[in-house]
Amino acid sequence: MIDLVLRSVLTPGVLAARWAGLAQLPASIADVPATRWSVGLATKMIMDEIFFLTEALSIQLVSVRDRRRIDEEMAAALGYFAARGFLDRPDDYHHDPTPLVPTESRHATSRGLRYEHLQFASEYEPHAGEPGRERWLAYERNRTGHAWVLRHAGKPRPWLVCIHGYRMGFPLADFTGFPAAWFHHELGLNVAFPVLPLHGPRKIGVRTGDGFLSGDYLDTIHLQAQAVWDIRRLVRWLREDGEPIGVYGLSLGGYTTTLLASLEDDLACAIAGIPATDYVGLTRWVIPAWLLALAEYAGVTLDRVEQIIRVVSPLAFTPRVPWDRRFLYAATADRLVPPATVRALWEHWGRPRLDWYQGSHTSFGMETAVPGLLTDAFRRSGLLRG
């Protein structure tokens, strides 16, 4: 009850500061198209703000005791990572995946699509002695991996692995956020939708994704490490077909895609849509400066977060997917993922194809530029033939 009252008091100020900040934004960012203001664009931006509002009203505030624990854990993790060389060589932080063995498979239907619900033991574990390890392993439901698989009968076909965004991870959302029917029926692809940790049937709270933005930054690191572990195992299992495999991620899934493209060899393409590739930059973008200052006063230091998050930061890795098979798209008026961080990833990736659309984070599904980029990416990477 106290949490709800505090959120209700803080939220109007946060929203007002975010919208007042629009007038203070730089007129342009190098290589990012200028925003063309219109009623339609404002409506799309409001969609982002509604999403932000629902999160602001539902997120659990961190107690004083938890703030102390989080601060102590981050300090311990920083020492642990530094002592093992993970901050200098973040690749070493990631385990080499074990082979995936399905434990259960059943068929179901969603949005008129008949799919296979694949389950497997995740087998992911943080390093021995790593801070936050025991808490992460105690999330029992998260220790089982899940994927929705759309596979054509007959001879093998190319695969597209679709990595969902935050608050997704169940068939209705995943088959809507990604145009699953178009990918599978019209383009003729086999499609796999892995479920990210803490999402869908792996959730640990009331809603899918609960716990990801709880303030426990080591949980965020373990989520990303487990995500690439699980998906690398899935990719290698699918590779038994002998067909090319491309990866396409949205938002949080875009982050995971960029990390996967730096750890896994032989991907046909990597497509990052509206990718959230910098957690600290994102936090500074969506949270007003006065609230960040309050958090710093309470002991939550983003500088320390920025150091430990390096072990799962795409900007700390060298991509393995060839330059001409890296693709990005982003929104000029994104209110959830700062365009500057997408530009930073684009630079880090060597300036591959990046398409901007005049819209917001949540409007990607109605933007005509997106299907064109996807089709071209599939053709260039060999997923579409003829």
# chains A, B, ... in the order shown; residues from 1 in each chain; ligands from 1
>>> residues_around(residues="region 325-328 of chain A", least_positions_apart="4", cutoff="6 Å", atoms="only C-alpha atoms", output="ChimeraX atom specification")
/A:269-273,353-354
>>> write_last_selection(atoms="N, CA and C atoms", output="tab-separated table (two decimals), in the first residue's frame")
chain	number	residue	atom	x	y	z
A	269	CYS	N	22.53	-14.17	-40.36
A	269	CYS	CA	22.35	-12.73	-40.22
A	269	CYS	C	21.96	-12.42	-38.78
A	270	ALA	N	22.14	-11.17	-38.40
A	270	ALA	CA	21.70	-10.67	-37.09
A	270	ALA	C	20.96	-9.37	-37.34
A	271	ILE	N	19.67	-9.35	-36.95
A	271	ILE	CA	18.82	-8.17	-37.16
A	271	ILE	C	18.38	-7.68	-35.78
A	272	ALA	N	18.78	-6.46	-35.44
A	272	ALA	CA	18.44	-5.88	-34.14
A	272	ALA	C	17.42	-4.77	-34.36
A	273	GLY	N	16.19	-5.00	-33.92
A	273	GLY	CA	15.13	-4.01	-34.05
A	273	GLY	C	14.97	-3.21	-32.78
A	353	ARG	N	23.93	-1.61	-42.43
A	353	ARG	CA	22.65	-1.00	-42.79
A	353	ARG	C	21.83	-0.70	-41.52
A	354	LEU	N	21.39	0.54	-41.42
A	354	LEU	CA	20.53	0.99	-40.32
A	354	LEU	C	19.41	1.82	-40.91
>>> residues_around(residues="region 365-379 of chain A", least_positions_apart="2", cutoff="10 Å", atoms="only C-alpha atoms", output="ChimeraX atom specification")
/A:158,160,176-179,182-183,187,189,246,248,268-271,273,324-331,353-363,381-386
>>> write_last_selection(atoms="C-alpha atoms", output="PDB file, in the first residue's frame")
ATOM      1  CA  PRO A 158      16.208 -22.088 -43.335  1.00  0.00           C
ATOM      2  CA  LEU A 160      14.704 -17.636 -38.300  1.00  0.00           C
ATOM      3  CA  THR A 176       1.786 -10.694 -32.809  1.00  0.00           C
ATOM      4  CA  GLY A 177       4.954  -8.708 -32.101  1.00  0.00           C
ATOM      5  CA  PHE A 178       6.691 -10.702 -34.808  1.00  0.00           C
ATOM      6  CA  PRO A 179       4.652 -11.304 -37.995  1.00  0.00           C
ATOM      7  CA  TRP A 182       4.172 -13.918 -42.712  1.00  0.00           C
ATOM      8  CA  PHE A 183       7.523 -15.469 -41.788  1.00  0.00           C
ATOM      9  CA  LEU A 187       8.072 -16.525 -46.749  1.00  0.00           C
ATOM     10  CA  LEU A 189      10.702 -20.087 -43.186  1.00  0.00           C
ATOM     11  CA  GLY A 246      19.247 -16.036 -38.909  1.00  0.00           C
ATOM     12  CA  TYR A 248      16.008 -11.258 -35.281  1.00  0.00           C
ATOM     13  CA  ALA A 268      23.356 -16.202 -41.431  1.00  0.00           C
ATOM     14  CA  CYS A 269      22.346 -12.732 -40.219  1.00  0.00           C
ATOM     15  CA  ALA A 270      21.698 -10.671 -37.095  1.00  0.00           C
ATOM     16  CA  ILE A 271      18.819  -8.171 -37.157  1.00  0.00           C
ATOM     17  CA  GLY A 273      15.132  -4.011 -34.053  1.00  0.00           C
ATOM     18  CA  ASP A 324      27.102  -7.219 -44.701  1.00  0.00           C
ATOM     19  CA  ARG A 325      24.775  -9.463 -42.683  1.00  0.00           C
ATOM     20  CA  ARG A 326      24.293  -7.103 -39.733  1.00  0.00           C
ATOM     21  CA  PHE A 327      21.089  -5.053 -39.823  1.00  0.00           C
ATOM     22  CA  LEU A 328      19.450  -2.543 -37.503  1.00  0.00           C
ATOM     23  CA  TYR A 329      16.337  -0.415 -37.434  1.00  0.00           C
ATOM     24  CA  ALA A 330      15.316   2.249 -34.937  1.00  0.00           C
ATOM     25  CA  ALA A 331      12.833   5.049 -34.232  1.00  0.00           C
ATOM     26  CA  ARG A 353      22.646  -1.002 -42.786  1.00  0.00           C
ATOM     27  CA  LEU A 354      20.533   0.989 -40.318  1.00  0.00           C
ATOM     28  CA  ASP A 355      17.012   2.111 -41.240  1.00  0.00           C
ATOM     29  CA  TRP A 356      15.289   4.856 -39.229  1.00  0.00           C
ATOM     30  CA  TYR A 357      11.531   5.311 -39.193  1.00  0.00           C
ATOM     31  CA  GLN A 358       9.499   8.310 -38.060  1.00  0.00           C
ATOM     32  CA  GLY A 359       7.857   6.713 -35.057  1.00  0.00           C
ATOM     33  CA  SER A 360       8.276   5.515 -31.504  1.00  0.00           C
ATOM     34  CA  HIS A 361       9.479   2.389 -29.747  1.00  0.00           C
ATOM     35  CA  THR A 362       6.044   0.770 -29.598  1.00  0.00           C
ATOM     36  CA  SER A 363       5.014   1.718 -33.154  1.00  0.00           C
ATOM     37  CA  SER A 381      21.716 -13.756 -45.951  1.00  0.00           C
ATOM     38  CA  GLY A 382      20.322 -16.683 -47.958  1.00  0.00           C
ATOM     39  CA  LEU A 383      17.248 -17.324 -45.827  1.00  0.00           C
ATOM     40  CA  LEU A 384      15.084 -16.552 -48.857  1.00  0.00           C
ATOM     41  CA  ARG A 385      15.986 -18.324 -52.060  1.00  0.00           C
ATOM     42  CA  GLY A 386      15.025 -17.617 -55.638  1.00  0.00           C
TER      43      GLY A 386
END
>>> select_by_dssp(residues="region 42-189 of chain A", states="strand (DSSP E)", output="PyMOL selection string")
chain A and resi 102-110+113-121+144-150+159-163
>>> closest_residue(among="A:Tyr255, A:Trp136, A:Phe212, A:Phe317", to="Thr341 (chain A)", atoms="only C-alpha atoms")
A:Tyr255
>>> residues_around(residues="Ala192 (chain A)", least_positions_apart="3", cutoff="7 Å", atoms="only C-alpha atoms", output="PyMOL selection string")
chain A and resi 147-150+160-162
>>> write_last_selection(atoms="C-alpha atoms", output="compact mmCIF listing (two decimals), in the first residue's frame")
# COMPACT_ATOMS: atom_id res chain seq x y z
CA ALA A 147 10.59 -22.29 -27.23
CA TRP A 148 7.70 -22.06 -29.69
CA VAL A 149 8.68 -23.81 -32.94
CA LEU A 150 7.01 -23.43 -36.35
CA LEU A 160 14.70 -17.64 -38.30
CA VAL A 161 15.15 -17.35 -34.52
CA CYS A 162 12.95 -14.53 -33.15
>>> atom_distance(atom1="CA of Arg135 (chain A)", atom2="CA of His164 (chain A)")
24.4 Å
>>> closest_residue(among="A:Asp31, A:Glu73, A:Glu186, A:Asp174", to="Arg133 (chain A)", atoms="only C-alpha atoms")
A:Glu73
>>> residues_around(residues="Arg141 (chain A)", least_positions_apart="4", cutoff="10 Å", atoms="only C-alpha atoms", output="PyMOL selection string")
chain A and resi 137+145+197-199+201-204
>>> decode(residues="region 163-184 of chain A", atoms="N, CA and C atoms", output="mmCIF file, in the first residue's frame")
data_model
loop_
_atom_site.group_PDB
_atom_site.id
_atom_site.type_symbol
_atom_site.label_atom_id
_atom_site.label_comp_id
_atom_site.auth_asym_id
_atom_site.auth_seq_id
_atom_site.Cartn_x
_atom_site.Cartn_y
_atom_site.Cartn_z
ATOM 1 N N ILE A 163 13.740 -13.339 -31.172
ATOM 2 C CA ILE A 163 13.966 -13.134 -29.742
ATOM 3 C C ILE A 163 13.090 -11.973 -29.279
ATOM 4 N N HIS A 164 12.148 -12.272 -28.415
ATOM 5 C CA HIS A 164 11.107 -11.314 -28.033
ATOM 6 C C HIS A 164 11.622 -10.214 -27.115
ATOM 7 N N GLY A 165 10.779 -9.226 -26.887
ATOM 8 C CA GLY A 165 11.097 -8.100 -26.027
ATOM 9 C C GLY A 165 10.575 -8.283 -24.612
ATOM 10 N N TYR A 166 10.813 -7.266 -23.809
ATOM 11 C CA TYR A 166 10.363 -7.221 -22.419
ATOM 12 C C TYR A 166 8.842 -7.319 -22.343
ATOM 13 N N ARG A 167 8.355 -8.082 -21.388
ATOM 14 C CA ARG A 167 6.927 -8.322 -21.137
ATOM 15 C C ARG A 167 6.278 -9.229 -22.178
ATOM 16 N N MET A 168 7.074 -9.809 -23.070
ATOM 17 C CA MET A 168 6.527 -10.780 -24.019
ATOM 18 C C MET A 168 6.890 -12.179 -23.516
ATOM 19 N N GLY A 169 7.011 -13.157 -24.419
ATOM 20 C CA GLY A 169 7.414 -14.485 -23.995
ATOM 21 C C GLY A 169 6.285 -15.479 -23.879
ATOM 22 N N PHE A 170 5.128 -15.168 -24.484
ATOM 23 C CA PHE A 170 4.048 -16.151 -24.588
ATOM 24 C C PHE A 170 3.512 -16.072 -26.021
ATOM 25 N N PRO A 171 2.948 -17.163 -26.548
ATOM 26 C CA PRO A 171 2.659 -17.240 -27.988
ATOM 27 C C PRO A 171 1.839 -16.086 -28.542
ATOM 28 N N LEU A 172 0.775 -15.668 -27.860
ATOM 29 C CA LEU A 172 -0.064 -14.601 -28.399
ATOM 30 C C LEU A 172 0.745 -13.331 -28.640
ATOM 31 N N ALA A 173 1.569 -12.950 -27.659
ATOM 32 C CA ALA A 173 2.386 -11.737 -27.794
ATOM 33 C C ALA A 173 3.488 -11.925 -28.830
ATOM 34 N N ASP A 174 4.149 -13.080 -28.811
ATOM 35 C CA ASP A 174 5.273 -13.299 -29.714
ATOM 36 C C ASP A 174 4.831 -13.419 -31.165
ATOM 37 N N PHE A 175 3.694 -14.075 -31.405
ATOM 38 C CA PHE A 175 3.211 -14.235 -32.785
ATOM 39 C C PHE A 175 2.566 -12.960 -33.310
ATOM 40 N N THR A 176 2.315 -11.994 -32.402
ATOM 41 C CA THR A 176 1.786 -10.694 -32.809
ATOM 42 C C THR A 176 2.915 -9.688 -32.994
ATOM 43 N N GLY A 177 3.825 -9.625 -32.013
ATOM 44 C CA GLY A 177 4.954 -8.708 -32.101
ATOM 45 C C GLY A 177 5.828 -9.003 -33.303
ATOM 46 N N PHE A 178 6.041 -10.267 -33.575
ATOM 47 C CA PHE A 178 6.691 -10.702 -34.808
ATOM 48 C C PHE A 178 5.592 -11.162 -35.767
ATOM 49 N N PRO A 179 5.674 -10.822 -37.045
ATOM 50 C CA PRO A 179 4.652 -11.304 -37.995
ATOM 51 C C PRO A 179 4.861 -12.781 -38.311
ATOM 52 N N ALA A 180 4.525 -13.624 -37.350
ATOM 53 C CA ALA A 180 4.841 -15.049 -37.431
ATOM 54 C C ALA A 180 4.222 -15.712 -38.657
ATOM 55 N N ALA A 181 2.963 -15.380 -38.965
ATOM 56 C CA ALA A 181 2.293 -15.998 -40.124
ATOM 57 C C ALA A 181 3.009 -15.620 -41.424
ATOM 58 N N TRP A 182 3.447 -14.359 -41.517
ATOM 59 C CA TRP A 182 4.172 -13.918 -42.712
ATOM 60 C C TRP A 182 5.499 -14.675 -42.848
ATOM 61 N N PHE A 183 6.250 -14.760 -41.753
ATOM 62 C CA PHE A 183 7.523 -15.469 -41.788
ATOM 63 C C PHE A 183 7.334 -16.933 -42.204
ATOM 64 N N HIS A 184 6.342 -17.573 -41.588
ATOM 65 C CA HIS A 184 6.202 -19.023 -41.749
ATOM 66 C C HIS A 184 5.453 -19.399 -43.027
#
